[in-house]
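Q: Got work06.txt for you, compact mmCIF, C-alpha atoms:
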# COMPACT_ATOMS: atom_id res chain seq x y z
CA MET A 1230 -11.43 -15.95 3.90
CA LYS A 1231 -12.21 -12.30 3.62
CA ILE A 1232 -9.35 -10.30 5.08
CA LEU A 1233 -10.12 -6.72 4.22
CA PRO A 1234 -13.17 -4.77 5.39
CA ASP A 1235 -16.22 -4.34 3.15
CA SER A 1236 -16.05 -0.56 3.16
CA LEU A 1237 -12.62 -0.74 1.57
CA ASP A 1238 -14.14 -2.89 -1.18
CA ARG A 1239 -16.95 -0.39 -1.60
CA ILE A 1240 -14.50 2.50 -2.07
CA THR A 1241 -12.41 0.43 -4.48
CA GLN A 1242 -15.52 -0.46 -6.44
CA GLN A 1243 -16.61 3.19 -6.66
CA PHE A 1244 -13.21 4.39 -7.84
CA SER A 1245 -12.94 1.67 -10.46
CA ARG A 1246 -16.10 2.98 -12.10
CA PHE A 1247 -14.02 5.78 -13.63
CA PRO A 1248 -12.79 4.78 -17.07
CA GLY A 1249 -9.03 4.43 -17.08
CA ILE A 1250 -8.96 3.51 -13.38
CA GLY A 1251 -8.36 -0.23 -13.15
CA LYS A 1252 -8.95 -2.41 -10.13
CA LYS A 1253 -5.37 -2.12 -8.87
CA THR A 1254 -5.33 1.66 -9.14
CA ALA A 1255 -8.73 1.92 -7.47
CA GLN A 1256 -7.45 -0.25 -4.64
CA ARG A 1257 -4.32 1.84 -4.27
CA MET A 1258 -6.50 4.96 -4.09
CA ALA A 1259 -8.76 3.37 -1.47
CA PHE A 1260 -5.76 2.48 0.71
CA GLN A 1261 -4.35 5.93 0.21
CA LEU A 1262 -7.62 7.47 1.35
CA LEU A 1263 -7.20 5.76 4.70
CA GLU A 1264 -3.93 7.60 5.24
CA TRP A 1265 -5.58 10.98 4.74
CA ASN A 1266 -6.74 12.87 7.78
CA ARG A 1267 -10.47 13.11 8.50
CA GLU A 1268 -10.84 16.67 7.21
CA ASP A 1269 -9.30 15.86 3.82
CA VAL A 1270 -11.52 12.80 3.37
CA GLN A 1271 -14.56 14.85 4.31
CA LEU A 1272 -13.54 17.58 1.84
CA LEU A 1273 -13.13 15.13 -1.03
CA GLY A 1274 -16.55 13.64 -0.35
CA GLU A 1275 -18.21 17.03 -0.08
CA VAL A 1276 -16.63 18.39 -3.23
CA ILE A 1277 -17.88 15.32 -5.11
CA ILE A 1278 -21.42 15.55 -3.74
CA GLY A 1279 -21.43 19.32 -4.26
CA SER A 1280 -20.73 18.90 -7.97
CA ASN A 1281 -24.28 17.59 -8.28
CA ASP A 1282 -25.77 20.96 -7.47
CA LYS A 1283 -23.26 23.39 -8.89
CA LEU A 1284 -22.49 22.16 -12.36
CA LYS A 1285 -24.75 22.31 -15.38
CA HIS A 1286 -24.49 22.73 -19.14
CA CYS A 1287 -24.59 26.19 -20.75
CA SER A 1288 -27.96 26.61 -22.48
CA VAL A 1289 -26.28 28.31 -25.44
CA CYS A 1290 -23.13 26.30 -26.20
CA ASN A 1291 -23.56 23.29 -23.86
CA LEU A 1292 -20.22 23.86 -22.07
CA ILE A 1293 -19.93 22.60 -18.48
CA THR A 1294 -20.50 25.66 -16.31
CA GLU A 1295 -21.65 26.95 -12.95
CA ALA A 1296 -23.34 30.06 -14.41
CA ASP A 1297 -25.71 30.02 -17.38
CA PRO A 1298 -24.83 31.35 -19.96
CA CYS A 1299 -21.20 30.31 -19.55
CA PRO A 1300 -18.30 32.82 -19.39
CA VAL A 1301 -17.32 32.10 -23.01
CA CYS A 1302 -20.77 32.89 -24.36
CA LEU A 1303 -20.92 36.08 -22.29
CA ASP A 1304 -17.44 37.29 -23.26
CA THR A 1305 -17.91 40.16 -25.74
CA ARG A 1306 -14.18 40.29 -26.50
CA ARG A 1307 -14.41 36.97 -28.27
CA ASP A 1308 -15.16 36.86 -32.00
CA ALA A 1309 -18.79 35.77 -32.29
CA SER A 1310 -18.49 35.16 -36.03
CA ILE A 1311 -16.33 32.04 -35.66
CA LEU A 1312 -17.72 28.95 -34.04
CA CYS A 1313 -15.60 25.95 -33.12
CA VAL A 1314 -17.66 22.76 -32.85
CA VAL A 1315 -16.21 20.12 -30.52
CA GLU A 1316 -17.28 16.82 -28.98
CA ASP A 1317 -17.08 17.73 -25.31
CA SER A 1318 -15.97 20.30 -22.74
CA LYS A 1319 -12.52 18.72 -22.35
CA ASP A 1320 -11.79 19.63 -25.96
CA VAL A 1321 -12.52 23.30 -25.22
CA LEU A 1322 -9.91 23.20 -22.49
CA ALA A 1323 -7.32 21.69 -24.86
CA LEU A 1324 -8.03 24.30 -27.56
CA GLU A 1325 -7.97 27.19 -25.07
CA GLU A 1326 -4.54 26.08 -23.89
CA THR A 1327 -3.16 26.71 -27.38
CA SER A 1328 -4.18 30.42 -27.14
CA ARG A 1329 -4.76 30.34 -30.91
CA PHE A 1330 -8.53 30.60 -30.97
CA ASN A 1331 -10.60 33.57 -29.91
CA GLY A 1332 -14.02 32.65 -31.24
CA LYS A 1333 -16.93 30.90 -29.58
CA TYR A 1334 -17.57 27.20 -29.04
CA HIS A 1335 -20.38 24.75 -29.50
CA ILE A 1336 -20.21 21.43 -27.68
CA LEU A 1337 -22.04 18.57 -29.38
CA GLY A 1338 -21.91 16.31 -26.36
CA GLY A 1339 -20.58 13.33 -28.34
CA VAL A 1340 -20.27 11.96 -31.85
CA LEU A 1341 -22.60 10.13 -34.18
CA SER A 1342 -22.42 6.43 -33.46
CA PRO A 1343 -25.25 4.34 -34.90
CA LEU A 1344 -23.95 1.24 -33.10
CA GLU A 1345 -24.40 2.93 -29.73
CA GLY A 1346 -27.70 4.43 -30.80
CA ILE A 1347 -26.35 7.98 -30.97
CA GLY A 1348 -27.93 9.84 -33.88
CA PRO A 1349 -28.23 13.57 -34.62
CA ASP A 1350 -31.09 13.91 -32.13
CA GLN A 1351 -28.88 12.74 -29.26
CA LEU A 1352 -26.34 15.47 -30.00
CA HIS A 1353 -26.68 19.24 -29.60
CA ILE A 1354 -27.09 19.79 -33.31
CA LYS A 1355 -30.46 21.57 -33.22
CA SER A 1356 -29.05 24.22 -30.90
CA LEU A 1357 -26.08 24.56 -33.26
CA MET A 1358 -28.40 25.21 -36.21
CA ALA A 1359 -30.15 27.85 -34.14
CA ARG A 1360 -26.88 29.77 -33.67
CA LEU A 1361 -25.90 30.22 -37.31
CA ASP A 1362 -26.97 33.87 -37.75
CA ALA A 1363 -23.96 36.15 -38.13
CA ILE A 1364 -21.57 33.21 -38.21
CA ASP A 1365 -18.88 33.41 -40.93
CA GLU A 1366 -16.88 30.30 -40.19
CA ILE A 1367 -17.43 27.00 -38.45
CA ILE A 1368 -14.39 24.98 -37.44
CA VAL A 1369 -15.40 21.35 -37.12
CA ALA A 1370 -12.89 20.12 -34.54
CA MET A 1371 -13.84 16.49 -34.01
CA ASN A 1372 -11.42 13.90 -32.66
CA PRO A 1373 -9.53 11.98 -35.36
CA SER A 1374 -11.64 8.82 -34.97
CA VAL A 1375 -14.00 7.07 -37.39
CA GLU A 1376 -17.00 8.48 -35.49
CA GLY A 1377 -15.43 11.94 -35.44
CA GLU A 1378 -14.92 11.72 -39.17
CA THR A 1379 -18.52 10.64 -39.74
CA THR A 1380 -19.80 13.48 -37.58
CA SER A 1381 -17.62 16.01 -39.44
CA LEU A 1382 -18.97 14.88 -42.79
CA TYR A 1383 -22.54 14.92 -41.49
CA LEU A 1384 -22.14 18.50 -40.24
CA ALA A 1385 -20.46 19.60 -43.47
CA LYS A 1386 -23.41 18.22 -45.44
CA LEU A 1387 -25.95 19.78 -43.11
CA LEU A 1388 -24.30 23.20 -43.40
CA GLN A 1389 -23.44 23.16 -47.09
CA ASP A 1390 -26.32 25.37 -48.26
CA ARG A 1391 -25.57 28.14 -45.77
CA GLN A 1392 -23.19 30.95 -46.65
CA ILE A 1393 -20.72 29.75 -44.04
CA LYS A 1394 -17.13 28.66 -44.48
CA ILE A 1395 -16.65 25.19 -42.99
CA THR A 1396 -13.10 24.29 -41.94
CA ARG A 1397 -11.46 21.47 -40.06
CA LEU A 1398 -8.24 20.98 -38.09
CA ALA A 1399 -5.14 20.12 -40.14
CA ARG A 1400 -4.02 16.50 -40.11
CA GLY A 1401 -0.37 15.47 -40.23
CA ILE A 1402 2.49 14.18 -38.13
CA PRO A 1403 2.37 15.36 -34.53
CA THR A 1404 5.17 17.53 -33.15
CA GLY A 1405 7.67 15.36 -31.32
CA GLY A 1406 6.49 12.25 -33.14
CA ASP A 1407 8.94 9.79 -34.65
CA LEU A 1408 8.29 8.89 -38.31
CA GLU A 1409 9.23 5.31 -37.58
CA TYR A 1410 6.41 4.89 -35.08
CA ILE A 1411 3.68 6.95 -36.72
CA ASP A 1412 0.80 4.90 -38.14
CA GLY A 1413 0.43 4.55 -41.89
CA VAL A 1414 -2.83 6.49 -42.17
CA THR A 1415 -1.36 9.55 -40.44
CA LEU A 1416 1.87 9.41 -42.43
CA GLY A 1417 -0.01 8.93 -45.71
CA ARG A 1418 -2.20 11.91 -44.89
CA ALA A 1419 0.87 14.00 -44.02
CA LEU A 1420 2.39 13.08 -47.39
CA ASP A 1421 -0.81 13.95 -49.29
CA ASP A 1422 -1.09 17.30 -47.52
CA ARG A 1423 2.60 18.19 -47.80
CA HIS A 1424 3.33 21.84 -48.56
CA GLU A 1425 6.26 23.84 -49.81
CA LEU A 1426 9.01 24.81 -47.35
CA LYS A 1427 9.20 28.57 -47.32
CA MET B 419 -9.48 33.77 -19.25
CA LYS B 420 -10.90 31.13 -17.03
CA ILE B 421 -13.18 28.89 -19.08
CA LEU B 422 -14.08 26.03 -16.82
CA PRO B 423 -15.96 26.34 -13.54
CA ASP B 424 -14.13 26.43 -10.21
CA SER B 425 -15.89 23.39 -8.85
CA LEU B 426 -14.48 21.33 -11.69
CA ASP B 427 -11.00 22.54 -10.69
CA ARG B 428 -11.71 21.67 -7.09
CA ILE B 429 -12.67 18.09 -8.01
CA THR B 430 -9.62 17.78 -10.26
CA GLN B 431 -7.39 19.07 -7.49
CA GLN B 432 -8.83 16.61 -4.98
CA PHE B 433 -8.42 13.63 -7.31
CA SER B 434 -4.85 14.56 -8.17
CA ARG B 435 -3.90 14.28 -4.50
CA PHE B 436 -3.86 10.50 -4.92
CA PRO B 437 -0.36 9.31 -5.78
CA GLY B 438 -0.29 7.88 -9.28
CA ILE B 439 -3.18 10.09 -10.42
CA GLY B 440 -1.71 12.86 -12.55
CA LYS B 441 -3.39 16.11 -13.48
CA LYS B 442 -4.73 14.78 -16.78
CA THR B 443 -6.21 11.66 -15.20
CA ALA B 444 -7.74 13.69 -12.39
CA GLN B 445 -9.30 16.02 -14.93
CA ARG B 446 -10.66 13.12 -16.94
CA MET B 447 -12.18 11.70 -13.75
CA ALA B 448 -13.74 15.06 -12.89
CA PHE B 449 -15.33 15.35 -16.33
CA GLN B 450 -16.50 11.77 -16.07
CA LEU B 451 -18.14 12.49 -12.74
CA LEU B 452 -20.35 15.06 -14.46
CA GLU B 453 -21.77 12.36 -16.71
CA TRP B 454 -22.81 10.21 -13.75
CA ASN B 455 -26.34 10.50 -12.50
CA ARG B 456 -27.02 12.29 -9.21
CA GLU B 457 -27.47 9.11 -7.18
CA ASP B 458 -24.13 7.66 -8.22
CA VAL B 459 -22.28 10.88 -7.43
CA GLN B 460 -23.98 11.02 -4.05
CA LEU B 461 -23.06 7.39 -3.36
CA LEU B 462 -19.39 7.95 -4.21
CA GLY B 463 -19.23 10.97 -1.90
CA GLU B 464 -20.98 9.15 0.94
CA VAL B 465 -18.81 6.06 0.68
CA ILE B 466 -15.73 8.27 0.90
CA ILE B 467 -16.97 10.27 3.87
CA GLY B 468 -18.21 7.09 5.54
CA SER B 469 -14.73 5.59 5.45
CA ASN B 470 -13.79 8.12 8.12
CA ASP B 471 -16.00 6.47 10.68
CA LYS B 472 -15.87 2.84 9.71
CA LEU B 473 -12.22 2.07 9.15
CA LYS B 474 -9.52 1.82 11.77
CA HIS B 475 -6.34 -0.12 12.42
CA CYS B 476 -6.40 -3.41 14.32
CA SER B 477 -4.96 -2.85 17.80
CA VAL B 478 -3.06 -6.14 17.62
CA CYS B 479 -1.58 -6.34 14.13
CA ASN B 480 -2.34 -2.84 12.75
CA LEU B 481 -4.27 -4.16 9.71
CA ILE B 482 -6.95 -1.90 8.24
CA THR B 483 -10.24 -3.19 9.63
CA GLU B 484 -13.81 -2.34 10.58
CA ALA B 485 -13.83 -4.57 13.65
CA ASP B 486 -11.10 -4.59 16.30
CA PRO B 487 -9.37 -7.06 16.59
CA CYS B 488 -9.35 -7.80 12.86
CA PRO B 489 -10.65 -11.08 11.34
CA VAL B 490 -7.08 -12.39 10.86
CA CYS B 491 -6.16 -11.93 14.52
CA LEU B 492 -9.42 -13.56 15.62
CA ASP B 493 -9.13 -16.54 13.27
CA THR B 494 -8.16 -19.55 15.37
CA ARG B 495 -7.60 -21.73 12.29
CA ARG B 496 -4.53 -19.68 11.41
CA ASP B 497 -1.14 -20.71 12.75
CA ALA B 498 -0.33 -18.26 15.53
CA SER B 499 3.27 -19.39 15.74
CA ILE B 500 4.30 -17.79 12.43
CA LEU B 501 4.19 -14.04 12.01
CA CYS B 502 4.65 -12.31 8.67
CA VAL B 503 5.86 -8.72 9.05
CA VAL B 504 4.89 -6.40 6.18
CA GLU B 505 4.98 -2.69 5.42
CA ASP B 506 1.26 -2.06 4.92
CA SER B 507 -2.19 -3.62 4.56
CA LYS B 508 -1.89 -3.82 0.76
CA ASP B 509 0.93 -6.32 1.21
CA VAL B 510 -1.33 -8.57 3.27
CA LEU B 511 -3.78 -8.65 0.40
CA ALA B 512 -1.04 -9.61 -2.06
CA LEU B 513 0.26 -12.37 0.20
CA GLU B 514 -3.25 -13.71 0.90
CA GLU B 515 -3.87 -13.99 -2.82
CA THR B 516 -1.06 -16.50 -3.10
CA SER B 517 -2.89 -18.85 -0.66
CA ARG B 518 0.54 -20.02 0.57
CA PHE B 519 0.57 -18.48 4.01
CA ASN B 520 -1.65 -19.43 6.90
CA GLY B 521 0.01 -17.61 9.78
CA LYS B 522 -0.67 -14.20 11.28
CA TYR B 523 0.48 -10.78 10.16
CA HIS B 524 2.04 -7.71 11.67
CA ILE B 525 1.84 -4.44 9.75
CA LEU B 526 4.66 -1.99 10.45
CA GLY B 527 2.93 0.94 8.76
CA GLY B 528 5.98 1.86 6.70
CA VAL B 529 9.73 1.41 6.51
CA LEU B 530 12.68 3.03 8.24
CA SER B 531 13.66 6.15 6.35
CA PRO B 532 15.93 8.56 8.20
CA LEU B 533 15.65 11.09 5.36
CA GLU B 534 11.89 11.31 5.83
CA GLY B 535 12.25 11.27 9.60
CA ILE B 536 10.81 7.78 9.98
CA GLY B 537 12.63 5.92 12.74
CA PRO B 538 11.67 2.81 14.76
CA ASP B 539 9.33 4.89 16.93
CA GLN B 540 7.23 5.90 13.94
CA LEU B 541 6.64 2.24 13.01
CA HIS B 542 4.65 -0.41 14.87
CA ILE B 543 7.75 -2.13 16.18
CA LYS B 544 6.95 -1.91 19.90
CA SER B 545 3.65 -3.74 19.35
CA LEU B 546 5.58 -6.34 17.33
CA MET B 547 7.99 -6.92 20.23
CA ALA B 548 4.99 -7.37 22.52
CA ARG B 549 3.68 -10.25 20.37
CA LEU B 550 6.75 -12.49 20.42
CA ASP B 551 5.54 -15.02 23.00
CA ALA B 552 4.81 -18.41 21.41
CA ILE B 553 6.14 -17.24 18.03
CA ASP B 554 8.46 -19.74 16.29
CA GLU B 555 9.14 -17.93 13.04
CA ILE B 556 9.01 -14.37 11.76
CA ILE B 557 8.95 -13.83 8.02
CA VAL B 558 10.27 -10.36 7.29
CA ALA B 559 8.45 -9.55 4.03
CA MET B 560 9.59 -6.03 3.23
CA ASN B 561 9.46 -4.60 -0.29
CA PRO B 562 12.70 -5.04 -2.26
CA SER B 563 13.78 -1.41 -1.82
CA VAL B 564 16.75 0.14 -0.03
CA GLU B 565 14.48 1.19 2.84
CA GLY B 566 12.88 -2.26 2.92
CA GLU B 567 16.34 -3.79 3.12
CA THR B 568 17.37 -1.46 5.94
CA THR B 569 14.21 -2.25 7.86
CA SER B 570 14.73 -6.02 7.40
CA LEU B 571 18.28 -5.79 8.75
CA TYR B 572 17.13 -3.63 11.66
CA LEU B 573 14.45 -6.17 12.60
CA ALA B 574 16.85 -9.09 12.24
CA LYS B 575 19.27 -7.42 14.62
CA LEU B 576 16.53 -6.51 17.06
CA LEU B 577 15.27 -10.09 17.15
CA GLN B 578 18.58 -11.94 17.09
CA ASP B 579 18.71 -12.76 20.79
CA ARG B 580 15.24 -14.33 20.86
CA GLN B 581 14.76 -18.01 20.15
CA ILE B 582 12.88 -17.20 16.94
CA LYS B 583 13.70 -18.21 13.38
CA ILE B 584 13.89 -15.10 11.18
CA THR B 585 13.28 -15.66 7.48
CA ARG B 586 12.82 -13.45 4.45
CA LEU B 587 11.19 -13.82 1.02
CA ALA B 588 13.37 -15.40 -1.67
CA ARG B 589 14.94 -13.08 -4.21
CA GLY B 590 15.39 -14.02 -7.85
CA ILE B 591 14.06 -13.54 -11.33
CA PRO B 592 10.29 -12.98 -11.43
CA THR B 593 8.08 -15.50 -13.22
CA GLY B 594 7.35 -14.28 -16.73
CA GLY B 595 10.35 -12.01 -16.68
CA ASP B 596 12.77 -11.83 -19.59
CA LEU B 597 16.46 -12.23 -18.66
CA GLU B 598 17.36 -9.57 -21.20
CA TYR B 599 15.33 -6.91 -19.39
CA ILE B 600 15.95 -7.87 -15.77
CA ASP B 601 18.15 -5.44 -13.86
CA GLY B 602 21.68 -6.48 -12.93
CA VAL B 603 21.12 -6.53 -9.17
CA THR B 604 18.20 -8.95 -9.48
CA LEU B 605 20.00 -11.16 -11.96
CA GLY B 606 23.19 -11.16 -9.86
CA ARG B 607 21.17 -12.15 -6.83
CA ALA B 608 19.44 -14.91 -8.78
CA LEU B 609 22.87 -16.23 -9.82
CA ASP B 610 24.22 -16.12 -6.26
CA ASP B 611 21.16 -17.93 -4.91
CA ARG B 612 20.99 -20.53 -7.69
CA HIS B 613 20.06 -24.03 -6.61
CA GLU B 614 20.25 -27.51 -8.01
CA LEU B 615 17.59 -28.62 -10.50
CA LYS B 616 15.89 -31.65 -9.05
Just dump the structure as structure tokens.
A:
Amino acid sequence: MKILPDSLDRITQQFSRFPGIGKKTAQRMAFQLLEWNREDVQLLGEVIIGSNDKLKHCSVCNLITEADPCPVCLDTRRDASILCVVEDSKDVLALEETSRFNGKYHILGGVLSPLEGIGPDQLHIKSLMARLDAIDEIIVAMNPSVEGETTSLYLAKLLQDRQIKITRLARGIPTGGDLEYIDGVTLGRALDDRHELK
Amino acid sequence: MKILPDSLDRITQQFSRFPGIGKKTAQRMAFQLLEWNREDVQLLGEVIIGSNDKLKHCSVCNLITEADPCPVCLDTRRDASILCVVEDSKDVLALEETSRFNGKYHILGGVLSPLEGIGPDQLHIKSLMARLDAIDEIIVAMNPSVEGETTSLYLAKLLQDRQIKITRLARGIPTGGDLEYIDGVTLGRALDDRHELK
């Protein structure tokens, strides 16, 4: 027999569409929602629906933004000669939090993945090629996955004839990691790239 | 400098109000939402807002429901002489999934917690007392927490003068558990309550 109301199921089902939100978590969220007061529930719903109209991608760098071009592209204090190429907008946030980069970004919108039918035409590579004037360095900051690696190599090849320095993020053991638990590939790479203690 | 749009922050903030959803998860959900198509985003928002109007608590047992009284209270095939008292509607779902209980429920809406200012008047205890006619047994199925324990003892005391059998869920080692990792209280309890192998 069905004990709980359909609308609870519908909320649970909607929440579990988010990757990383399993059925139990979605259900807990749905129950939680019922404890909220009417105004808060209304606000959540409106903020979600409102995102439809407000958010778009920057026509220059493809970053998620409300204004086009985005604040990064408009910021003249940033070094326009260095471009950091990333997979998606989340990566920009992570890099900004380090406060170590003051150049501009270009968001590819994904990685090459022939199995999922994602080739160069599905990524924002054309718009990247259109931005190369006055660029001295491109940092290819893909995620350390097989697809990220493939995409890095593809970009490196594509850009090799231009007078542009192509760099990538250093690989090695993460801060706070424990040698015992670090995978062999990472540890091997860290050994290969070891440098002198100064 | 602020890189990401305010409306993204607003969504993140709303999602992180759910307990168990941290800032990172909320952010990942917000980014994910931007990949959804307009119709899906609209649907999620509407389902959430709609919950305001559709869902209420059953006036008899306090279960979350769309119709009042709830389907459990209306179901004449269920044994009305056994009442299972639980903290919230989620617990009903968990108990129903066992298929071992065919009585009725009463949802307290929480547990006694003097520190958080939750006394008997904040729980649905009065409506429980009003349901005791023709009840033979009350299963007090609180969560195995200090507050759950306190609430169980409070109810037992409150009901002691009635001609009603008061029972509680068995305590012991959970199925699939590993003795090595089970906490001492649970294991001690399982030892105390050991019974003959038949």
Q: Could you tell me how far atom CA of Ser507 of chain B lies from atom CA of Asp1235 of chain A, in Å and to one decimal?
A: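 It comes out at 14.1 Å.
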Q: Could you tell me how far atom CA of Lys420 of chain B sits from atom CA of Asp1304 of chain A, in Å to one decimal place?
A: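 So the answer is 10.9 Å.
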Q: Set the cut-off to 7 Å and count only C-alpha atoms: what are the residues of chain B that reach chain A? Output as a list in words.
A: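 Selected residues: Ile421, Leu422, Pro423, Ser425, Ile429, Gln432, Phe436, Met447, Gln450, Arg456, Val459, Gln460, Leu462, Gly463, Glu464, Val465, Ile466, Ile467, Ser469, Asn470, Thr483, Glu484, Pro489 and Val490 of chain B.
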Q: In Å, with one decimal, what is the gap from atom CA of Cys1287 of chain A to atom CA of Cys1313 of chain A?
A: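 Here the two named atoms are 15.3 Å from each other.
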Q: Grab all the atoms of segment 522-538 of chain B that the file lists, wrap them in a box along x, y and z, add 6 Å per side, and give me centre plus edge lengths in Å (one decimal) as lines of an AutoDock Vina configuration file.
A:
center_x = 7.6
center_y = -1.4
center_z = 10.1
size_x = 28.6
size_y = 37.5
size_z = 21.4
Q: What residues have an atom no more than 8 Å from (-13.6, 12.8, -27.2) in the file's own frame, counting all atoms listed in the file, and can you write them as number ranges by chain?
A: A: 1316-1317, 1319-1320, 1339, 1371-1372
Q: For a quick check of understanding, using all atoms listed in the file, which of B:Ile557, B:Ala512, B:Val478, B:Leu587 has the smallest distance to Leu573 of chain B?
A: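 Once distances to Leu573 of chain B are computed over all atoms listed in the file, the minimum belongs to B:Ile557.
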Q: Check the smallest atom-to-atom distance from each of B:Leu546, B:Leu513, B:Ala559, B:Val564 to Pro532 of chain B using all atoms listed in the file, then report the winner.
A: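 Comparing B:Leu546, B:Leu513, B:Ala559, B:Val564 against Pro532 of chain B, the winner is B:Val564.
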